[in-house]
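Novice: The following file, structure.csv, comprises CSV, C-alpha atoms and all ligand atoms:
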```csv
chain,number,residue,atom,x,y,z
A,432,MET,CA,2.6,25.6,-26.2
A,433,THR,CA,5.5,25.8,-23.9
A,434,ASP,CA,5.8,29.5,-24.7
A,435,ASN,CA,2.2,30.2,-23.8
A,436,PRO,CA,1.7,32.0,-20.5
A,437,VAL,CA,0.9,30.0,-17.4
A,438,ILE,CA,-2.8,30.7,-16.6
A,439,LEU,CA,-3.1,28.4,-13.6
A,440,ASP,CA,-0.5,27.9,-11.0
A,441,VAL,CA,-1.4,25.4,-8.2
A,442,ALA,CA,1.0,25.5,-5.3
A,443,GLY,CA,1.1,23.1,-2.4
A,444,LEU,CA,-2.6,22.5,-2.5
A,445,ALA,CA,-4.1,20.4,0.3
A,446,LYS,CA,-7.6,19.3,1.2
A,447,HIS,CA,-8.5,17.1,4.2
A,448,PHE,CA,-11.9,15.8,5.1
A,449,THR,CA,-12.8,15.2,8.7
A,450,LEU,CA,-15.3,12.3,9.0
A,451,ARG,CA,-17.3,12.5,12.2
A,452,GLY,CA,-19.0,9.7,14.1
A,453,PRO,CA,-21.8,9.9,16.7
A,454,PHE,CA,-21.7,12.9,19.0
A,455,GLY,CA,-19.4,14.7,16.5
A,456,ARG,CA,-16.4,12.7,17.5
A,457,VAL,CA,-13.7,12.7,14.8
A,458,ARG,CA,-13.5,9.2,13.4
A,459,ARG,CA,-10.8,9.8,10.8
A,460,VAL,CA,-9.2,12.4,8.6
A,461,VAL,CA,-9.0,11.7,4.9
A,462,ARG,CA,-6.2,13.5,3.3
A,463,ALA,CA,-7.8,13.7,-0.1
A,464,ILE,CA,-5.0,15.8,-1.6
A,465,ASP,CA,-1.7,16.9,0.0
A,466,GLY,CA,1.0,19.1,-1.4
A,467,VAL,CA,-0.3,19.1,-5.0
A,468,SER,CA,1.6,21.6,-7.3
A,469,PHE,CA,1.3,22.0,-11.0
A,470,GLN,CA,1.0,24.6,-13.7
A,471,VAL,CA,-1.2,24.9,-16.8
A,472,ARG,CA,-0.4,27.0,-19.8
A,473,ARG,CA,-2.9,28.6,-22.0
A,474,GLY,CA,-4.2,26.4,-24.7
A,475,GLU,CA,-2.9,23.2,-23.1
A,476,THR,CA,-4.7,20.1,-22.1
A,477,LEU,CA,-3.4,18.6,-18.9
A,478,GLY,CA,-4.5,15.1,-18.0
A,479,ILE,CA,-4.9,13.9,-14.5
A,480,VAL,CA,-4.9,10.2,-14.0
A,481,GLY,CA,-4.9,7.8,-11.0
A,482,GLU,CA,-7.0,5.2,-9.3
A,483,SER,CA,-10.4,6.0,-7.9
A,484,GLY,CA,-10.0,7.8,-4.6
A,485,SER,CA,-6.6,9.3,-5.5
A,486,GLY,CA,-7.9,12.9,-5.2
A,487,LYS,CA,-8.5,13.9,-8.9
A,488,SER,CA,-12.0,15.3,-8.4
A,489,THR,CA,-10.9,17.1,-5.2
A,490,ILE,CA,-8.4,19.1,-7.2
A,491,GLY,CA,-11.1,20.1,-9.7
A,492,LYS,CA,-13.5,21.1,-6.9
A,493,CYS,CA,-10.9,23.2,-5.1
A,494,LEU,CA,-10.2,25.0,-8.4
A,495,VAL,CA,-13.8,26.1,-8.8
A,496,GLY,CA,-14.5,26.8,-5.2
A,497,ILE,CA,-16.7,23.8,-4.4
A,498,HIS,CA,-14.1,23.0,-1.7
A,499,GLU,CA,-12.0,25.5,0.2
A,500,PRO,CA,-8.5,24.1,0.3
A,501,ASP,CA,-6.8,23.7,3.7
A,502,ALA,CA,-3.4,24.8,2.5
A,503,GLY,CA,-1.7,26.0,-0.6
A,504,ASP,CA,-2.5,28.6,-3.2
A,505,LEU,CA,-4.3,28.8,-6.5
A,506,LEU,CA,-3.2,31.5,-8.9
A,507,PHE,CA,-5.3,32.2,-11.9
A,508,ASN,CA,-3.8,34.6,-14.4
A,509,ASP,CA,-1.3,35.6,-11.7
A,510,SER,CA,-4.0,36.5,-9.1
A,511,SER,CA,-4.8,34.3,-6.1
A,512,LEU,CA,-8.3,32.8,-6.1
A,513,LEU,CA,-8.2,32.3,-2.4
A,514,GLY,CA,-9.1,35.0,-0.1
A,515,LEU,CA,-11.1,36.8,-2.8
A,516,ALA,CA,-14.4,38.4,-1.7
A,517,ARG,CA,-17.3,36.2,-2.5
A,518,ARG,CA,-18.5,38.4,-5.4
A,519,ASP,CA,-15.1,38.7,-7.0
A,520,ARG,CA,-14.6,34.9,-6.7
A,521,ARG,CA,-17.9,34.4,-8.5
A,522,ARG,CA,-16.9,36.7,-11.3
A,523,VAL,CA,-13.5,35.0,-11.7
A,524,ALA,CA,-15.1,31.6,-11.2
A,525,ARG,CA,-17.1,32.0,-14.4
A,526,GLN,CA,-13.8,31.6,-16.3
A,527,LEU,CA,-13.2,28.3,-14.6
A,528,GLN,CA,-15.8,25.7,-15.2
A,529,TYR,CA,-16.0,22.2,-13.7
A,530,VAL,CA,-17.9,19.6,-15.7
A,531,TYR,CA,-18.7,16.4,-13.9
A,532,GLN,CA,-19.3,13.4,-16.2
A,533,ASP,CA,-22.3,14.1,-18.4
A,534,PRO,CA,-23.2,17.8,-18.6
A,535,GLY,CA,-26.4,16.8,-20.4
A,536,ALA,CA,-27.7,15.0,-17.4
A,537,SER,CA,-28.5,18.1,-15.4
A,538,LEU,CA,-30.5,20.1,-17.9
A,539,ASP,CA,-33.8,21.4,-16.6
A,540,PRO,CA,-36.5,19.3,-18.3
A,541,ARG,CA,-39.1,22.1,-18.3
A,542,TRP,CA,-37.0,24.4,-20.5
A,543,LYS,CA,-36.4,24.4,-24.2
A,544,VAL,CA,-32.8,24.4,-25.4
A,545,GLY,CA,-33.0,28.0,-26.5
A,546,ARG,CA,-33.9,29.1,-23.0
A,547,LEU,CA,-31.4,26.7,-21.4
A,548,LEU,CA,-28.7,28.4,-23.4
A,549,GLU,CA,-29.9,31.9,-23.0
A,550,GLU,CA,-30.4,31.8,-19.3
A,551,PRO,CA,-26.8,32.0,-18.2
A,552,LEU,CA,-26.4,35.0,-20.5
A,553,VAL,CA,-29.4,36.7,-19.0
A,554,ILE,CA,-28.2,36.2,-15.5
A,555,HIS,CA,-24.8,37.7,-16.2
A,556,ALA,CA,-26.4,40.5,-18.3
A,557,ASP,CA,-23.4,41.2,-20.5
A,558,HIS,CA,-25.4,41.2,-23.7
A,559,GLY,CA,-28.6,42.7,-25.2
A,560,ALA,CA,-31.4,40.4,-26.3
A,561,ALA,CA,-30.5,40.3,-30.0
A,562,GLU,CA,-26.9,39.8,-29.2
A,563,ARG,CA,-27.7,36.9,-26.8
A,564,ARG,CA,-29.8,35.1,-29.4
A,565,GLU,CA,-27.0,35.4,-32.0
A,566,LEU,CA,-24.5,34.1,-29.5
A,567,VAL,CA,-26.7,31.1,-28.6
A,568,ARG,CA,-27.0,30.2,-32.3
A,569,ALA,CA,-23.3,30.4,-32.7
A,570,ILE,CA,-22.6,28.2,-29.7
A,571,LEU,CA,-25.3,25.7,-30.8
A,572,GLY,CA,-23.5,25.5,-34.2
A,573,ALA,CA,-20.2,25.0,-32.5
A,574,VAL,CA,-21.5,21.9,-30.8
A,575,LYS,CA,-22.8,20.7,-34.1
A,576,LEU,CA,-26.5,21.1,-33.5
A,577,PRO,CA,-28.9,22.8,-36.0
A,578,ASP,CA,-31.0,25.9,-35.0
A,579,ALA,CA,-34.1,23.8,-35.0
A,580,PHE,CA,-33.0,22.4,-31.7
A,581,LEU,CA,-33.6,25.7,-30.0
A,582,ASP,CA,-37.3,24.8,-29.8
A,583,ARG,CA,-36.9,21.3,-28.4
A,584,TYR,CA,-37.0,20.1,-24.8
A,585,PRO,CA,-34.2,17.9,-23.4
A,586,HIS,CA,-36.4,14.8,-23.4
A,587,GLU,CA,-36.8,15.2,-27.2
A,588,LEU,CA,-33.0,14.8,-27.6
A,589,SER,CA,-30.8,11.7,-27.7
A,590,GLY,CA,-28.3,11.3,-24.9
A,591,GLY,CA,-25.5,12.5,-27.2
A,592,GLN,CA,-27.5,15.6,-28.2
A,593,GLN,CA,-28.2,16.4,-24.5
A,594,ARG,CA,-24.5,16.1,-23.8
A,595,ARG,CA,-23.8,18.7,-26.6
A,596,VAL,CA,-26.4,21.0,-25.2
A,597,GLY,CA,-24.9,20.7,-21.7
A,598,LEU,CA,-21.5,21.6,-23.1
A,599,ALA,CA,-23.0,24.5,-25.1
A,600,ARG,CA,-24.5,25.8,-21.8
A,601,ILE,CA,-21.0,25.8,-20.3
A,602,LEU,CA,-19.6,27.6,-23.3
A,603,THR,CA,-22.2,30.4,-23.0
A,604,LEU,CA,-20.4,31.4,-19.7
A,605,ASN,CA,-17.3,32.1,-21.8
A,606,PRO,CA,-14.9,30.1,-19.7
A,607,SER,CA,-11.2,30.1,-20.4
A,608,LEU,CA,-10.4,26.9,-18.5
A,609,ILE,CA,-12.7,23.9,-18.3
A,610,ILE,CA,-12.1,21.0,-16.0
A,611,LEU,CA,-13.6,17.9,-17.5
A,612,ASP,CA,-14.0,15.2,-14.8
A,613,GLU,CA,-14.4,11.7,-16.3
A,614,PRO,CA,-16.4,13.1,-19.3
A,615,THR,CA,-16.2,9.9,-21.4
A,616,SER,CA,-17.0,7.4,-18.6
A,617,GLY,CA,-19.8,5.1,-19.5
A,618,LEU,CA,-19.6,5.9,-23.2
A,619,ASP,CA,-19.0,3.2,-25.7
A,620,VAL,CA,-16.0,3.5,-27.9
A,621,SER,CA,-17.8,4.9,-31.0
A,622,VAL,CA,-19.6,7.6,-29.1
A,623,GLN,CA,-16.4,8.3,-27.1
A,624,ALA,CA,-14.6,9.2,-30.4
A,625,ALA,CA,-17.3,11.7,-31.3
A,626,VAL,CA,-17.2,13.3,-27.9
A,627,ILE,CA,-13.4,13.6,-28.0
A,628,ASN,CA,-13.6,15.3,-31.4
A,629,LEU,CA,-16.2,17.7,-30.0
A,630,PHE,CA,-13.8,18.6,-27.1
A,631,LYS,CA,-11.0,19.2,-29.6
A,632,GLU,CA,-13.3,21.4,-31.8
A,633,MET,CA,-14.6,23.4,-28.9
A,634,LYS,CA,-11.1,24.0,-27.7
A,635,ALA,CA,-10.0,25.4,-31.0
A,636,ALA,CA,-13.2,27.5,-31.6
A,637,PHE,CA,-13.3,29.0,-28.1
A,638,ASP,CA,-9.6,29.2,-27.3
A,639,LEU,CA,-10.0,26.9,-24.3
A,640,THR,CA,-7.6,25.3,-21.9
A,641,TYR,CA,-8.5,21.9,-20.4
A,642,ILE,CA,-7.8,19.9,-17.3
A,643,PHE,CA,-8.9,16.4,-18.3
A,644,ILE,CA,-9.5,14.0,-15.4
A,645,SER,CA,-9.9,10.4,-16.4
A,646,HIS,CA,-9.0,6.9,-15.5
A,647,ASP,CA,-9.1,5.9,-19.1
A,648,LEU,CA,-5.4,6.1,-20.1
A,649,SER,CA,-6.0,5.6,-23.8
A,650,VAL,CA,-8.2,8.7,-24.0
A,651,VAL,CA,-5.7,10.7,-22.0
A,652,ARG,CA,-3.0,9.8,-24.4
A,653,ILE,CA,-5.1,10.9,-27.4
A,654,LEU,CA,-6.3,14.2,-25.9
A,655,CYS,CA,-3.7,15.5,-23.5
A,656,ASP,CA,-0.4,17.4,-24.0
A,657,ARG,CA,0.8,16.7,-20.5
A,658,VAL,CA,-0.3,14.3,-17.8
A,659,ALA,CA,-0.1,14.2,-14.0
A,660,VAL,CA,-0.2,10.8,-12.3
A,661,MET,CA,-1.9,10.9,-8.9
A,662,TYR,CA,-1.4,8.4,-6.1
A,663,ALA,CA,-3.0,8.8,-2.6
A,664,GLY,CA,-3.5,12.5,-3.0
A,665,ARG,CA,-0.1,13.3,-4.4
A,666,ILE,CA,1.2,13.9,-7.9
A,667,VAL,CA,3.9,11.2,-8.3
A,668,GLU,CA,4.9,12.0,-11.9
A,669,ILE,CA,4.1,14.8,-14.3
A,670,GLY,CA,5.4,15.5,-17.7
A,671,ASP,CA,4.7,15.4,-21.5
A,672,VAL,CA,2.2,12.7,-22.3
A,673,GLU,CA,4.5,10.9,-24.8
A,674,GLN,CA,7.4,11.1,-22.3
A,675,VAL,CA,5.4,9.6,-19.5
A,676,PHE,CA,3.6,7.0,-21.6
A,677,GLU,CA,6.7,5.9,-23.5
A,678,ASP,CA,9.1,6.0,-20.6
A,679,PRO,CA,7.4,6.1,-17.3
A,680,ARG,CA,9.8,6.7,-14.4
A,681,HIS,CA,7.9,6.5,-11.2
A,682,PRO,CA,7.3,2.8,-10.1
A,683,TYR,CA,3.6,3.6,-9.7
A,684,THR,CA,3.3,5.0,-13.2
A,685,ARG,CA,5.0,2.0,-14.6
A,686,MET,CA,2.6,-0.3,-12.7
A,687,LEU,CA,-0.3,1.7,-14.0
A,688,LEU,CA,0.8,1.5,-17.6
A,689,ASN,CA,1.7,-2.2,-17.3
A,690,ALA,CA,-1.8,-2.9,-16.3
A,691,VAL,CA,-3.0,-1.6,-19.6
A,692,PRO,CA,-2.1,-3.7,-22.6
A,693,ARG,CA,-1.7,-1.9,-26.0
A,694,ILE,CA,-2.2,1.5,-24.5
A,695,GLY,CA,-3.2,4.2,-26.9
A,696,ARG,CA,-4.2,1.8,-29.8
A,697,PRO,CA,-7.7,2.2,-31.1
A,698,GLY,CA,-10.1,0.0,-29.1
A,699,ALA,CA,-7.7,-0.6,-26.3
A,700,ARG,CA,-9.5,0.5,-23.2
A,701,ARG,CA,-8.8,-0.9,-19.8
A,702,GLU,CA,-9.4,0.9,-16.6
A,703,ILE,CA,-6.9,1.2,-13.8
A,704,GLY,CA,-6.7,-0.8,-10.6
A,705,GLY,CA,-8.9,-3.3,-9.1
A,706,ALA,CA,-11.1,-3.1,-6.1
A,707,GLY,CA,-9.0,-3.6,-3.0
A,708,ASP,CA,-5.9,-1.8,-4.2
A,709,ILE,CA,-7.2,1.7,-3.6
A,710,PRO,CA,-4.9,3.6,-1.3
A,711,ALA,CA,-6.9,5.4,1.2
A,712,GLY,CA,-5.5,8.8,2.0
A,713,GLU,CA,-5.8,8.3,5.7
A,714,GLU,CA,-3.7,5.2,5.6
A,715,VAL,CA,-0.7,7.0,4.2
A,716,ALA,CA,-0.9,10.0,6.6
A,717,GLY,CA,2.3,9.0,8.3
A,718,ALA,CA,5.9,9.7,7.2
A,719,GLY,CA,7.4,8.1,4.2
A,720,CYS,CA,6.3,7.5,0.6
A,721,PRO,CA,2.6,6.6,0.2
A,722,PHE,CA,3.4,4.1,-2.5
A,723,GLN,CA,6.2,2.3,-0.6
A,724,PRO,CA,4.0,-0.6,0.8
A,725,ARG,CA,3.3,-1.6,-2.8
A,726,CYS,CA,6.7,-0.6,-4.3
A,727,ALA,CA,9.2,-3.1,-5.7
A,728,GLU,CA,12.0,-0.6,-5.7
A,729,ARG,CA,11.6,0.6,-2.2
A,730,LEU,CA,14.7,1.9,-0.4
A,731,PRO,CA,15.1,2.0,3.4
A,732,ARG,CA,14.5,5.8,3.5
A,733,CYS,CA,11.2,5.4,1.6
A,734,ALA,CA,9.5,4.3,4.9
A,735,VAL,CA,10.5,7.4,6.8
A,736,ASP,CA,11.0,10.2,4.4
A,737,GLU,CA,8.4,11.3,1.9
A,738,PRO,CA,9.9,12.0,-1.5
A,739,LEU,CA,9.1,15.4,-3.0
A,740,PRO,CA,8.6,16.0,-6.7
A,741,GLU,CA,12.0,16.7,-8.4
A,742,ASN,CA,12.5,17.8,-11.9
A,743,LEU,CA,14.5,15.3,-14.0
A,744,ALA,CA,16.8,16.4,-16.9
A,745,ASP,CA,14.0,15.9,-19.4
A,746,GLY,CA,11.8,18.4,-17.6
A,747,ARG,CA,9.3,16.0,-16.0
A,748,GLY,CA,8.7,15.9,-12.3
A,749,VAL,CA,8.9,12.7,-10.3
A,750,ALA,CA,8.5,12.1,-6.6
A,751,CYS,CA,10.5,9.0,-5.9
A,752,HIS,CA,13.8,8.4,-4.0
A,753,ALA,CA,14.7,5.5,-6.3
A,754,VAL,CA,14.4,7.7,-9.4
A,755,ALA,CA,15.6,11.1,-8.1
A,756,ALA,CA,18.5,9.7,-6.0
A,757,PRO,CA,21.8,10.4,-7.7
B,1,LIG,N1,-16.9,15.5,0.5
B,1,LIG,C1,-16.1,14.5,1.0
B,1,LIG,N2,-16.2,14.1,2.3
B,1,LIG,C2,-15.3,13.2,2.7
B,1,LIG,N3,-14.4,12.5,2.0
B,1,LIG,C3,-14.3,12.9,0.7
B,1,LIG,C4,-15.2,13.9,0.1
B,1,LIG,N4,-14.8,14.0,-1.2
B,1,LIG,C5,-13.8,13.1,-1.4
B,1,LIG,N5,-13.5,12.5,-0.3
B,1,LIG,C6,-12.5,11.4,-0.1
B,1,LIG,O1,-11.3,12.0,-0.6
B,1,LIG,C7,-10.5,11.0,-1.4
B,1,LIG,C8,-10.3,11.5,-2.8
B,1,LIG,O2,-11.5,11.6,-3.5
B,1,LIG,P1,-11.7,12.1,-4.9
B,1,LIG,O3,-11.0,13.4,-5.1
B,1,LIG,O4,-13.2,12.0,-5.3
B,1,LIG,O5,-10.9,11.0,-5.8
B,1,LIG,P2,-11.0,10.6,-7.3
B,1,LIG,O6,-11.7,11.7,-8.0
B,1,LIG,O7,-9.6,10.4,-7.7
B,1,LIG,O8,-11.7,9.3,-7.4
B,1,LIG,C9,-11.3,9.7,-1.3
B,1,LIG,O9,-10.8,9.0,-0.2
B,1,LIG,C10,-12.7,10.2,-1.0
B,1,LIG,O10,-13.4,9.2,-0.3
B,2,MG,MG,-13.5,11.6,-9.2
```
Translate this structure into structure tokens?
Ligand SMILES: Nc1ncnc2c1ncn2[C@@H]1O[C@H](COP(=O)(O)OP(=O)(O)O)[C@@H](O)[C@H]1O
Ligand SMILES: [Mg+2]

Specialist:
Amino acid sequence: MTDNPVILDVAGLAKHFTLRGPFGRVRRVVRAIDGVSFQVRRGETLGIVGESGSGKSTIGKCLVGIHEPDAGDLLFNDSSLLGLARRDRRRVARQLQYVYQDPGASLDPRWKVGRLLEEPLVIHADHGAAERRELVRAILGAVKLPDAFLDRYPHELSGGQQRRVGLARILTLNPSLIILDEPTSGLDVSVQAAVINLFKEMKAAFDLTYIFISHDLSVVRILCDRVAVMYAGRIVEIGDVEQVFEDPRHPYTRMLLNAVPRIGRPGARREIGGAGDIPAGEEVAGAGCPFQPRCAERLPRCAVDEPLPENLADGRGVACHAVAAP
């Protein structure tokens, strides 16, 4: 995996939201993400974890063009996605798909499964009619649904079957990188296991690369090769999943993992953080480390000097003065 080419290179990405009050006055600026850099290699699954509000979804939305970033660059297969003409961006964007939670929830109820799956192929007109139908069957098979489902309406399917159809619809676009944003949230553990297997099978069958956003650490450990830990719009630690889970180095990563007993064991499933400890991006807009108000290992310089990610000898990146300092 580490020899595979880098297909996505995110460099110094920032996205700020300006919230306006009455008469258009700026009330506050939310720094949803700031200085986010990471790479994804082909065939890899990169997890992104962090408390609610830490900027995970904003990264995914910048990648697929839902948001225009304020700074930074996005290289996909060595070409920048930013500054592309609208039509080129759309063409490239097909290869990057963003899936928010349950992809089965947005199926058009008036259409049968066959049409739902064929429609993206018709729009993009890469295939003839016979070829399209063959492709639709193959994709339906890949998400483990029989051909008979082609003639059913979404409401005739179970929630799990709808989810499979939603994923099949994304596969018809022939993406190379799929961003799965909290795709197992709200599922109970038995269903979750089936969905995770489906992701694994889809990945192998369609040669996919995943960015897997989740606040469920046990699922991330099962599915991901590497993991990025986000805090207040920054990546504070990034490395191989085993490395980070077995020996977390950033004080925030350690706090996060300590909050989860028996992480990675079957059935262990606790979510991160409680209400009230969410770091709002705008509160950390000043100098210094965003985590320092909560940090037990804080040094004097942490209040004035924001730590940048540095690579440790074992290859992972950590943004912390207490860790990186010699
Ligand atoms: N469209 C938006 N307008 C204003 N603020 C936003 C918008 N989207 C996200 N934010 C803010 O940006 C921060 C990061 O949000 P998000 O990326 O959704 O976090 P996560 O996915 O980690 O829960 C939060 O403070 C959120 O309120
Ligand atoms: Mg989110």

Novice: For the interface of chain A with ligand MG 2 (chain B) (cut-off 12 Å, counting all atoms listed in the file), please tabulate each contacting residue of chain A alongside its nearest pair of atoms and their separation in Å to one decimal, rows sorted by chain and increasing number, as JSON lines.

Specialist:
```
{"residue": "A:Ala463", "atom": "CA", "partner": "B:MG2", "partner_atom": "MG", "distance": 10.9}
{"residue": "A:Ile479", "atom": "CA", "partner": "B:MG2", "partner_atom": "MG", "distance": 10.4}
{"residue": "A:Val480", "atom": "CA", "partner": "B:MG2", "partner_atom": "MG", "distance": 9.9}
{"residue": "A:Gly481", "atom": "CA", "partner": "B:MG2", "partner_atom": "MG", "distance": 9.6}
{"residue": "A:Glu482", "atom": "CA", "partner": "B:MG2", "partner_atom": "MG", "distance": 9.1}
{"residue": "A:Ser483", "atom": "CA", "partner": "B:MG2", "partner_atom": "MG", "distance": 6.5}
{"residue": "A:Gly484", "atom": "CA", "partner": "B:MG2", "partner_atom": "MG", "distance": 6.9}
{"residue": "A:Ser485", "atom": "CA", "partner": "B:MG2", "partner_atom": "MG", "distance": 8.2}
{"residue": "A:Gly486", "atom": "CA", "partner": "B:MG2", "partner_atom": "MG", "distance": 7.0}
{"residue": "A:Lys487", "atom": "CA", "partner": "B:MG2", "partner_atom": "MG", "distance": 5.5}
{"residue": "A:Ser488", "atom": "CA", "partner": "B:MG2", "partner_atom": "MG", "distance": 4.1}
{"residue": "A:Thr489", "atom": "CA", "partner": "B:MG2", "partner_atom": "MG", "distance": 7.3}
{"residue": "A:Ile490", "atom": "CA", "partner": "B:MG2", "partner_atom": "MG", "distance": 9.3}
{"residue": "A:Gly491", "atom": "CA", "partner": "B:MG2", "partner_atom": "MG", "distance": 8.8}
{"residue": "A:Lys492", "atom": "CA", "partner": "B:MG2", "partner_atom": "MG", "distance": 9.8}
{"residue": "A:Tyr529", "atom": "CA", "partner": "B:MG2", "partner_atom": "MG", "distance": 11.8}
{"residue": "A:Val530", "atom": "CA", "partner": "B:MG2", "partner_atom": "MG", "distance": 11.2}
{"residue": "A:Tyr531", "atom": "CA", "partner": "B:MG2", "partner_atom": "MG", "distance": 8.5}
{"residue": "A:Gln532", "atom": "CA", "partner": "B:MG2", "partner_atom": "MG", "distance": 9.3}
{"residue": "A:Ile610", "atom": "CA", "partner": "B:MG2", "partner_atom": "MG", "distance": 11.7}
{"residue": "A:Leu611", "atom": "CA", "partner": "B:MG2", "partner_atom": "MG", "distance": 10.4}
{"residue": "A:Asp612", "atom": "CA", "partner": "B:MG2", "partner_atom": "MG", "distance": 6.7}
{"residue": "A:Glu613", "atom": "CA", "partner": "B:MG2", "partner_atom": "MG", "distance": 7.2}
{"residue": "A:Pro614", "atom": "CA", "partner": "B:MG2", "partner_atom": "MG", "distance": 10.6}
{"residue": "A:Ser616", "atom": "CA", "partner": "B:MG2", "partner_atom": "MG", "distance": 10.9}
{"residue": "A:Phe643", "atom": "CA", "partner": "B:MG2", "partner_atom": "MG", "distance": 11.3}
{"residue": "A:Ile644", "atom": "CA", "partner": "B:MG2", "partner_atom": "MG", "distance": 7.8}
{"residue": "A:Ser645", "atom": "CA", "partner": "B:MG2", "partner_atom": "MG", "distance": 8.1}
{"residue": "A:His646", "atom": "CA", "partner": "B:MG2", "partner_atom": "MG", "distance": 9.1}
{"residue": "A:Met661", "atom": "CA", "partner": "B:MG2", "partner_atom": "MG", "distance": 11.6}
{"residue": "A:Gly664", "atom": "CA", "partner": "B:MG2", "partner_atom": "MG", "distance": 11.8}
```

Novice: So, counting only C-alpha atoms, which residue among A:Leu576, A:Ala718, A:Ala599, A:Pro606 is closest to Val495 (chain A)?

Specialist: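 Closest residue, counting only C-alpha atoms: A:Pro606.
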
Novice: Of the candidates A:Pro453, A:Leu477, A:His498, A:Asp638, which one gets nearest to ligand LIG 1 (chain B) if we count only C-alpha atoms and all ligand atoms?

Specialist: A:His498

Novice: Name the residues in contact with Ala524 (chain A) at a cut-off of 9 Å, using all atoms listed in the file, excluding same-chain residues fewer than 2 positions from it; report them as a PyMOL selection string.

Specialist: chain A and resi 494-496+512+519-522+526-528+606

Novice: To one decimal in Å, tell me the separation between atom N5 of ligand LIG 1 (chain B) and CA of Val675 (chain A).

Specialist: 27.1 Å

Novice: Using all atoms listed in the file, which residue out of A:Val457, A:Ile464, A:Ala560, A:Ala625 lies closest to ligand LIG 1 (chain B)?

Specialist: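 Result for the nearest residue to ligand LIG 1 (chain B): A:Ile464.
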
Novice: Mind listing whatever residues come within 12 Å of the point (-6.4, 30.1, -8.9)? Use only C-alpha atoms, file coordinates, and give them as a PyMOL selection string.

Specialist: chain A and resi 437-442+444+468-471+490-496+499-500+503-515+520+523-524+526-527+608

Novice: Taking (-32.2, 22.0, -25.4) in the coordinates of the supplied file, I want to know which residues reach to within 8 Å of it, counting all atoms listed in the file; could you give the answer as a list in words?

Specialist: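 The residues that fall inside the cut-off are Leu538, Trp542, Lys543, Val544, Gly545, Arg546, Leu547, Leu548, Phe580, Leu581, Asp582, Arg583, Tyr584, Pro585, Leu588, Gln593 and Val596 of chain A.
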
Novice: Quote the spacing between CA of Ala750 (chain A) and atom C1 of ligand LIG 1 (chain B) in Å to one decimal place.

Specialist: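 Pair CA of Ala750 (chain A) / atom C1 of ligand LIG 1 (chain B) returns 25.9 Å.
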
Novice: Report the distance between CA of Ala561 (chain A) and CA of Ser607 (chain A) in Å, rounded to one decimal place.

Specialist: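 So the answer is 23.8 Å.
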
Novice: Nearest residue to Val574 (chain A) out of A:His558, A:Thr449, A:Val620, A:Phe630, using only C-alpha atoms?

Specialist: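 Counting only C-alpha atoms, the residue closest to Val574 (chain A) is A:Phe630.
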
Novice: Near Leu450 (chain A), counting all atoms listed in the file, which residues have an atom at most 12 Å away, once you skip same-chain residues fewer than 2 positions from it, shown as a list of chain:residue names?

Specialist: A:His447, A:Phe448, A:Gly452, A:Pro453, A:Phe454, A:Gly455, A:Arg456, A:Val457, A:Arg458, A:Arg459, A:Val460, A:Val461, A:Arg462, A:Ala463, A:Glu713

Novice: Which residues, written as a PyMOL selection string, have at least one atom at most 8 Å from region 650-657 of chain A, with all atoms listed in the file counted and residues fewer than 4 positions away on the same chain left out?

Specialist: chain A and resi 475-478+627+631+643+645+669-673+676+695

Novice: Here is a test: counting all atoms listed in the file, which residue of A:Pro679, A:Pro540, A:Arg594, A:Arg665 is nearest to ligand LIG 1 (chain B)?

Specialist: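 The closest residue to ligand LIG 1 (chain B) is A:Arg665.
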
Novice: Which one is closest to ligand LIG 1 (chain B): A:Lys446, A:Asn435, A:Ala516, A:Arg680? Count only C-alpha atoms and all ligand atoms.

Specialist: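 Smallest separation from ligand LIG 1 (chain B) among the options: A:Lys446.
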